[in-house]
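Structure data (compact mmCIF, C-alpha atoms) from protein-v7.txt:
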# COMPACT_ATOMS: atom_id res chain seq x y z
CA MET A 5 -23.58 30.62 -65.73
CA ALA A 6 -21.47 33.29 -67.03
CA ARG A 7 -17.83 33.59 -65.99
CA VAL A 8 -16.52 36.95 -64.97
CA ILE A 9 -13.18 37.47 -66.62
CA PRO A 10 -11.16 40.37 -65.08
CA PHE A 11 -10.16 42.98 -67.65
CA PRO A 12 -6.37 43.27 -67.76
CA VAL A 13 -5.55 46.73 -66.59
CA ASN A 14 -1.96 47.98 -66.19
CA PRO A 15 -2.18 50.98 -63.91
CA PRO A 16 0.44 53.62 -64.61
CA ALA A 17 3.34 53.56 -62.25
CA LYS A 18 2.92 57.23 -61.39
CA LEU A 19 0.29 59.73 -62.29
CA GLY A 20 1.11 63.38 -62.81
CA HIS A 21 3.27 65.57 -65.00
CA LYS A 22 5.37 64.00 -67.63
CA LYS A 23 8.74 65.42 -68.54
CA VAL A 24 9.57 66.00 -72.11
CA ARG A 25 12.59 64.02 -73.12
CA ARG A 26 15.00 65.12 -75.79
CA ARG A 27 14.07 63.24 -78.89
CA LYS A 28 16.77 61.69 -80.91
CA LYS A 29 17.06 63.40 -84.26
CA PRO A 30 15.89 61.00 -86.91
CA ASN A 31 18.43 60.23 -89.56
CA LEU A 32 16.61 61.37 -92.66
CA GLU A 33 18.68 59.14 -94.86
CA ASP A 34 17.14 56.11 -93.05
CA PHE A 35 13.83 57.21 -94.57
CA GLY A 36 15.21 57.50 -98.08
CA GLN A 37 15.69 61.25 -97.96
CA LEU A 38 18.91 63.08 -98.67
CA ASN A 39 20.09 64.95 -95.62
CA LEU A 40 21.27 68.17 -97.17
CA PHE A 41 20.91 70.73 -94.42
CA ASP A 42 22.78 69.12 -91.52
CA GLN A 43 25.99 69.12 -93.52
CA MET A 44 25.92 72.81 -94.39
CA GLU A 45 27.65 75.25 -92.11
CA ASP A 46 25.71 78.27 -91.08
CA ASN A 47 27.78 81.14 -92.42
CA THR A 48 25.03 83.69 -92.28
CA PRO A 49 26.53 86.93 -90.95
CA VAL A 50 24.88 88.29 -87.85
CA VAL A 51 24.00 91.84 -88.72
CA ALA A 52 23.20 94.08 -85.80
CA LEU A 53 20.55 96.56 -86.58
CA PRO A 54 21.30 100.13 -85.49
CA LYS A 55 20.15 100.77 -81.94
CA SER A 56 19.52 104.43 -82.65
CA ASP A 57 17.09 105.94 -85.12
CA SER A 58 19.77 106.84 -87.63
CA PHE A 59 23.13 105.66 -88.87
CA PHE A 60 24.60 109.02 -87.88
CA ASP A 61 23.52 108.74 -84.23
CA GLU A 62 24.85 105.18 -84.13
CA ALA A 63 28.16 106.33 -85.67
CA LEU A 64 28.46 109.21 -83.22
CA ALA A 65 27.81 106.89 -80.24
CA MET A 66 30.46 104.47 -81.54
CA ASP A 67 32.87 107.34 -82.17
CA GLU A 68 32.44 108.54 -78.57
CA GLN A 69 33.32 105.01 -77.41
CA GLY A 70 36.37 104.96 -79.69
CA LYS A 71 35.05 102.08 -81.78
CA THR A 72 36.53 101.63 -85.24
CA GLU A 73 33.13 100.71 -86.75
CA ALA A 74 32.16 104.37 -86.42
CA GLU A 75 33.75 105.09 -89.80
CA LYS A 76 31.51 102.50 -91.53
CA PHE A 77 28.39 103.98 -89.96
CA TYR A 78 29.39 107.55 -90.85
CA LEU A 79 29.76 106.42 -94.47
CA LEU A 80 26.32 104.76 -94.27
CA ALA A 81 24.94 108.02 -92.89
CA VAL A 82 26.37 109.87 -95.91
CA ASP A 83 24.91 107.29 -98.32
CA ASN A 84 21.51 107.46 -96.65
CA ASP A 85 21.52 111.26 -96.51
CA GLU A 86 21.38 111.34 -92.68
CA SER A 87 23.23 114.48 -91.54
CA PRO A 88 25.73 113.94 -94.39
CA GLU A 89 27.68 117.17 -93.72
CA ASP A 90 28.18 116.28 -90.07
CA ALA A 91 29.12 112.71 -90.96
CA LEU A 92 31.74 113.96 -93.45
CA CYS A 93 33.08 116.40 -90.86
CA ASN A 94 33.47 113.63 -88.28
CA LEU A 95 35.04 111.34 -90.87
CA GLY A 96 37.60 114.10 -91.34
CA ILE A 97 38.37 114.00 -87.61
CA LEU A 98 38.70 110.20 -87.68
CA LYS A 99 41.14 110.34 -90.59
CA SER A 100 43.18 113.06 -88.90
CA ARG A 101 43.44 110.88 -85.79
CA GLN A 102 44.68 108.04 -87.99
CA GLY A 103 47.35 110.37 -89.40
CA ASP A 104 45.81 110.36 -92.88
CA MET A 105 45.78 114.12 -93.36
CA THR A 106 45.02 114.00 -97.10
CA ARG A 107 41.79 112.03 -96.54
CA SER A 108 41.00 114.23 -93.56
CA ILE A 109 41.16 117.38 -95.71
CA ASP A 110 39.20 115.58 -98.42
CA TYR A 111 36.30 114.75 -96.06
CA LEU A 112 36.30 118.18 -94.43
CA THR A 113 36.25 119.98 -97.76
CA GLN A 114 33.50 117.64 -99.01
CA CYS A 115 31.54 118.76 -95.96
CA LEU A 116 32.16 122.40 -96.88
CA LYS A 117 31.08 121.70 -100.46
CA ARG A 118 27.66 120.70 -99.12
CA ASN A 119 27.56 123.42 -96.47
CA PRO A 120 30.14 126.21 -96.90
CA ARG A 121 29.18 127.65 -93.50
CA HIS A 122 29.76 124.43 -91.53
CA PHE A 123 31.56 125.90 -88.55
CA GLU A 124 33.02 122.65 -87.15
CA ALA A 125 34.49 121.79 -90.57
CA HIS A 126 36.23 125.18 -90.78
CA TYR A 127 37.52 124.86 -87.21
CA ASN A 128 38.76 121.29 -87.79
CA LEU A 129 40.41 122.28 -91.06
CA GLY A 130 42.22 124.97 -89.08
CA ASN A 131 43.53 122.23 -86.78
CA VAL A 132 44.59 119.99 -89.68
CA TYR A 133 46.44 122.80 -91.49
CA SER A 134 48.17 123.93 -88.30
CA GLU A 135 49.35 120.35 -87.75
CA LEU A 136 50.73 120.34 -91.27
CA GLY A 137 52.51 123.63 -90.57
CA ASN A 138 50.43 125.63 -93.06
CA LEU A 139 49.74 128.57 -90.78
CA ASP A 140 48.19 130.81 -93.45
CA LEU A 141 45.44 128.33 -94.27
CA ALA A 142 44.95 127.46 -90.60
CA LYS A 143 44.47 131.17 -89.83
CA ILE A 144 41.85 131.60 -92.58
CA HIS A 145 39.78 128.62 -91.41
CA TYR A 146 39.92 129.65 -87.73
CA GLU A 147 38.86 133.16 -88.73
CA ILE A 148 35.87 131.82 -90.72
CA SER A 149 34.81 129.50 -87.88
CA ALA A 150 35.05 132.45 -85.44
CA GLU A 151 32.94 134.50 -87.86
CA ILE A 152 30.24 131.81 -88.16
CA ALA A 153 30.15 130.89 -84.46
CA PRO A 154 31.39 133.97 -82.55
CA ASP A 155 30.46 132.42 -79.18
CA TYR A 156 32.69 129.39 -79.62
CA PRO A 157 35.86 130.15 -77.61
CA ASN A 158 38.26 127.52 -79.02
CA SER A 159 38.39 129.16 -82.47
CA PHE A 160 39.83 132.29 -80.83
CA TYR A 161 42.30 130.30 -78.72
CA ASN A 162 43.71 128.37 -81.67
CA LEU A 163 43.72 131.49 -83.83
CA GLY A 164 45.70 133.18 -81.06
CA LEU A 165 48.27 130.37 -81.18
CA VAL A 166 48.56 130.66 -84.97
CA LEU A 167 49.10 134.41 -84.69
CA THR A 168 51.73 133.80 -81.98
CA SER A 169 53.54 131.45 -84.35
CA MET A 170 53.33 134.13 -87.02
CA LYS A 171 54.88 136.56 -84.52
CA ARG A 172 51.80 138.81 -84.70
CA TYR A 173 51.73 139.19 -80.95
CA GLN A 174 49.27 142.10 -80.63
CA ASP A 175 46.63 140.27 -82.71
CA ALA A 176 47.31 137.11 -80.72
CA ILE A 177 46.70 138.99 -77.46
CA LEU A 178 43.32 140.21 -78.78
CA CYS A 179 42.29 136.67 -79.71
CA ILE A 180 43.36 135.11 -76.42
CA ASN A 181 41.52 137.89 -74.58
CA LYS A 182 38.36 137.03 -76.54
CA TYR A 183 38.87 133.39 -75.57
CA VAL A 184 39.14 134.34 -71.89
CA LYS A 185 35.86 136.28 -72.15
CA LEU A 186 34.00 133.36 -73.75
CA ALA A 187 35.50 130.34 -72.02
CA PRO A 188 34.51 129.10 -68.57
CA SER A 189 36.80 130.29 -65.75
CA SER A 190 38.07 126.75 -65.16
CA GLU A 191 39.88 126.96 -68.51
CA HIS A 192 41.53 130.33 -67.98
CA GLN A 193 44.81 129.23 -66.42
CA THR A 194 46.85 128.36 -69.53
CA ALA A 195 45.35 131.29 -71.44
CA THR A 196 46.32 133.81 -68.76
CA GLU A 197 49.86 132.39 -68.63
CA LEU A 198 50.05 132.69 -72.39
CA LEU A 199 48.80 136.26 -72.18
CA LYS A 200 51.53 137.12 -69.67
CA THR A 201 54.20 135.72 -72.00
CA LEU A 202 52.71 137.46 -75.04
CA ASN A 203 52.53 140.79 -73.21
CA SER A 204 56.17 140.51 -72.19
CA ILE A 205 57.23 139.69 -75.77
CA ALA A 206 55.03 142.34 -77.38
CA LYS A 207 56.49 145.16 -75.26
CA MET B 22 90.47 93.53 -71.19
CA MET B 23 93.54 94.84 -69.45
CA LYS B 24 95.06 92.80 -66.71
CA ASP B 25 95.04 94.21 -63.21
CA LYS B 26 98.12 96.13 -62.23
CA HIS B 27 100.69 94.52 -60.13
CA PRO B 28 99.61 94.94 -56.51
CA ALA B 29 102.93 96.48 -55.58
CA LEU B 30 102.67 99.01 -58.45
CA ASN B 31 99.07 99.71 -57.60
CA GLU B 32 100.01 100.56 -54.08
CA HIS B 33 102.77 102.80 -55.37
CA PHE B 34 100.36 104.76 -57.60
CA GLU B 35 97.82 105.05 -54.82
CA HIS B 36 100.57 106.51 -52.68
CA LEU B 37 101.48 108.96 -55.45
CA LYS B 38 97.85 110.02 -55.78
CA GLU B 39 97.80 110.83 -52.10
CA LEU B 40 100.98 112.84 -52.40
CA LEU B 41 99.96 114.75 -55.57
CA PRO B 42 96.17 114.79 -55.70
CA GLU B 43 95.98 117.90 -57.98
CA ILE B 44 97.96 116.34 -60.78
CA TYR B 45 95.93 113.16 -60.81
CA SER B 46 92.53 114.87 -60.66
CA LYS B 47 93.56 117.30 -63.46
CA HIS B 48 94.61 114.43 -65.67
CA PHE B 49 91.25 112.72 -65.06
CA LYS B 50 89.28 115.88 -65.87
CA GLU B 51 91.16 116.43 -69.13
CA GLU B 52 90.45 112.91 -70.24
CA LYS B 53 86.74 113.34 -69.48
CA GLU B 54 86.55 116.66 -71.30
CA THR B 55 88.05 115.30 -74.46
CA LYS B 56 85.48 112.51 -74.48
CA ASN B 57 82.68 115.02 -74.10
CA GLN B 58 84.22 117.19 -76.75
CA LYS B 59 84.33 114.23 -79.09
CA LEU B 60 80.69 113.50 -78.40
CA PHE B 61 79.81 117.15 -79.02
CA ARG B 62 81.63 117.09 -82.34
CA MET B 63 79.80 113.93 -83.33
CA LEU B 64 76.48 115.49 -82.40
CA LYS B 65 77.29 118.61 -84.41
CA HIS B 66 78.05 116.44 -87.44
CA SER B 67 74.77 114.52 -87.01
CA LEU B 68 72.81 117.76 -86.68
CA GLY B 69 74.56 119.01 -89.81
CA VAL B 70 73.34 115.92 -91.67
CA ILE B 71 69.77 116.59 -90.50
CA GLU B 72 70.04 120.20 -91.69
CA ALA B 73 71.38 119.07 -95.08
CA VAL B 74 68.47 116.64 -95.50
CA TYR B 75 66.07 119.47 -94.63
CA LEU B 76 67.67 121.86 -97.12
CA GLN B 77 67.52 119.26 -99.89
CA ASN B 78 63.81 118.56 -99.44
CA SER B 79 62.04 120.69 -96.87
CA ASP B 80 58.54 119.56 -97.95
CA ASN B 81 59.11 115.97 -96.90
CA PHE B 82 60.61 116.94 -93.55
CA SER B 83 57.89 116.17 -91.04
CA LEU B 84 57.22 118.51 -88.15
CA SER B 85 57.72 115.77 -85.57
CA LYS B 86 61.30 115.38 -86.85
CA VAL B 87 61.76 119.14 -86.54
CA GLU B 88 60.62 118.90 -82.93
CA GLU B 89 63.17 116.18 -82.18
CA TYR B 90 65.87 118.33 -83.79
CA SER B 91 64.97 121.29 -81.59
CA LYS B 92 64.97 119.06 -78.50
CA ILE B 93 68.57 117.96 -79.21
CA ILE B 94 69.69 121.59 -79.52
CA ALA B 95 67.83 122.59 -76.36
CA GLU B 96 69.49 119.71 -74.49
CA LEU B 97 72.92 120.70 -75.82
CA GLN B 98 72.37 124.27 -74.64
CA SER B 99 71.24 123.06 -71.22
CA LEU B 100 74.49 121.07 -70.97
CA GLY B 101 76.44 124.27 -71.61
CA TYR B 102 77.36 123.75 -75.26
CA ALA B 103 76.85 126.49 -77.80
CA TYR B 104 75.15 125.35 -80.97
CA SER B 105 72.74 127.79 -82.55
CA GLY B 106 71.18 125.35 -85.04
CA HIS B 107 69.47 126.11 -88.31
CA PRO B 108 67.22 129.16 -87.77
CA GLU B 109 64.50 128.06 -90.24
CA LEU B 110 64.29 124.61 -88.67
CA LEU B 111 64.23 126.03 -85.16
CA ASN B 112 61.50 128.46 -86.13
CA LYS B 113 59.43 125.61 -87.56
CA ALA B 114 59.99 123.61 -84.39
CA ALA B 115 58.90 126.52 -82.20
CA ASN B 116 55.72 126.95 -84.26
CA PHE B 117 55.02 123.24 -84.07
CA MET B 118 55.43 123.24 -80.30
CA ILE B 119 53.13 126.26 -79.93
CA MET B 120 50.46 124.62 -82.08
CA LYS B 121 50.70 121.43 -80.06
CA ALA B 122 48.94 123.31 -77.26
CA LYS B 123 45.88 123.94 -79.46
CA LYS B 124 42.35 122.96 -78.49
CA PRO B 125 41.17 119.64 -79.95
CA MET B 126 38.89 119.08 -82.92
CA GLU B 127 35.16 119.55 -82.56
CA LYS B 128 32.73 116.82 -83.61
CA ALA B 129 29.54 117.76 -85.42
CA LYS B 130 26.55 116.50 -83.44
CA GLY B 131 24.01 115.97 -86.19
CA VAL B 132 20.63 117.47 -87.00
CA SER B 133 18.64 115.84 -84.16
CA GLN B 134 20.83 117.20 -81.39
CA GLU B 135 21.02 120.62 -83.03
CA ASN B 136 17.22 120.69 -83.17
CA ASP B 137 17.03 119.71 -79.49
CA GLN B 138 19.32 122.61 -78.63
CA ASN B 139 17.18 125.01 -80.68
CA LYS B 140 14.04 123.78 -78.87
CA LYS B 141 15.68 124.50 -75.53
CA VAL B 142 16.52 128.02 -76.65
CA ILE B 143 12.93 128.65 -77.79
Render the structure in this file as structure tokens.
Amino acid sequence: MARVIPFPVNPPAKLGHKKVRRRKKPNLEDFGQLNLFDQMEDNTPVVALPKSDSFFDEALAMDEQGKTEAEKFYLLAVDNDESPEDALCNLGILKSRQGDMTRSIDYLTQCLKRNPRHFEAHYNLGNVYSELGNLDLAKIHYEISAEIAPDYPNSFYNLGLVLTSMKRYQDAILCINKYVKLAPSSEHQTATELLKTLNSIAK
Amino acid sequence: MMKDKHPALNEHFEHLKELLPEIYSKHFKEEKETKNQKLFRMLKHSLGVIEAVYLQNSDNFSLSKVEEYSKIIAELQSLGYAYSGHPELLNKAANFMIMKAKKPMEKAKGVSQENDQNKKVI
């Protein structure tokens, strides 16, 4: 007669999902392999790709936020021929803000070399020269910017101030009057006060 | 430091001050005036040094320094002292102060935004 021998079965303690445990990293050197990579530090620089379509847009966004990286992106925009005149113009503004007037003039004139009718570059050069006390050059650049963009009020305002400094009060009055015509009424207050003073001096 | 006066003497002087207030106040005023006069003289000398530096090398004289110079003279005049200052320097300072009120620089907005503006106009 045959004997029935029970098959040894070890039922699992619990059926169901099984969690994945963190595996211990094998030491490669235990397996006769040199472990080269664990000892090396990861010095790879994290390079953020531009969020905008172009380096110029990225630079402009950074510039608006007052970030110092804007300069680097403007230079990249120039190198990649993305609005290079505008990038050079804005680099000129950045340098002027840093007090580096020589570089500021250099960038602004480089902009004008590419586009001699770049109105912002002429206007900004007017500002740089007036800060340096060179009223003759400031006047010329404000006049050109007013010629290129006759609807832009600030060229007339700053030109009016230059003419006031030059004691050409009648011409200054004409310019400030043009500014008042073009500028929104919310910005008239200082101009009208200046006009009053100029009228009293000119008489 | 001087030692305090003898209390008896102090009392005596206080009594004198009460008896002759005009004399004591006049003496005090004179002393104060001379100090101010000394300060004014010192300031005039310092301003003279600034003017000499300017005359030696006007190109390297920054406009912010010119502004400070004009502020000192304006303050002196407001205190009642007469010091006309160097006319060329004062003129430069006046111009600098006028130009400080100028409108700020204008950023160029790039081709894409200019095109967007043109589209809107069309």
I need the chain B residues near chain A as a PyMOL selection string; criterion: at most 10 Å, counting all atoms listed in the file. chain B and resi 83-85+112-134
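Nearest residue to Lys65 of chain B among B:Val87, B:Ala29, B:Ser99, B:Ile93 is B:Ile93, counting all atoms listed in the file.
We find atom CA of Phe34 of chain B and atom CA of Gln58 of chain B to be spaced 28.0 Å apart.
Atom pair atom CA of Asn203 of chain A / atom CA of Ser91 of chain B: separated by 24.6 Å.
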Within 6 Å of Ala63 of chain A using only C-alpha atoms, minus same-chain residues under 5 positions, as a CSV table (one decimal) with C-alpha atoms, in the frame of the given file:
chain,number,residue,atom,x,y,z
A,74,ALA,CA,32.2,104.4,-86.4
A,77,PHE,CA,28.4,104.0,-90.0
A,78,TYR,CA,29.4,107.6,-90.8
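Here atom CA of Leu112 of chain A is placed at a distance of 22.6 Å from atom CA of Asp80 of chain B.
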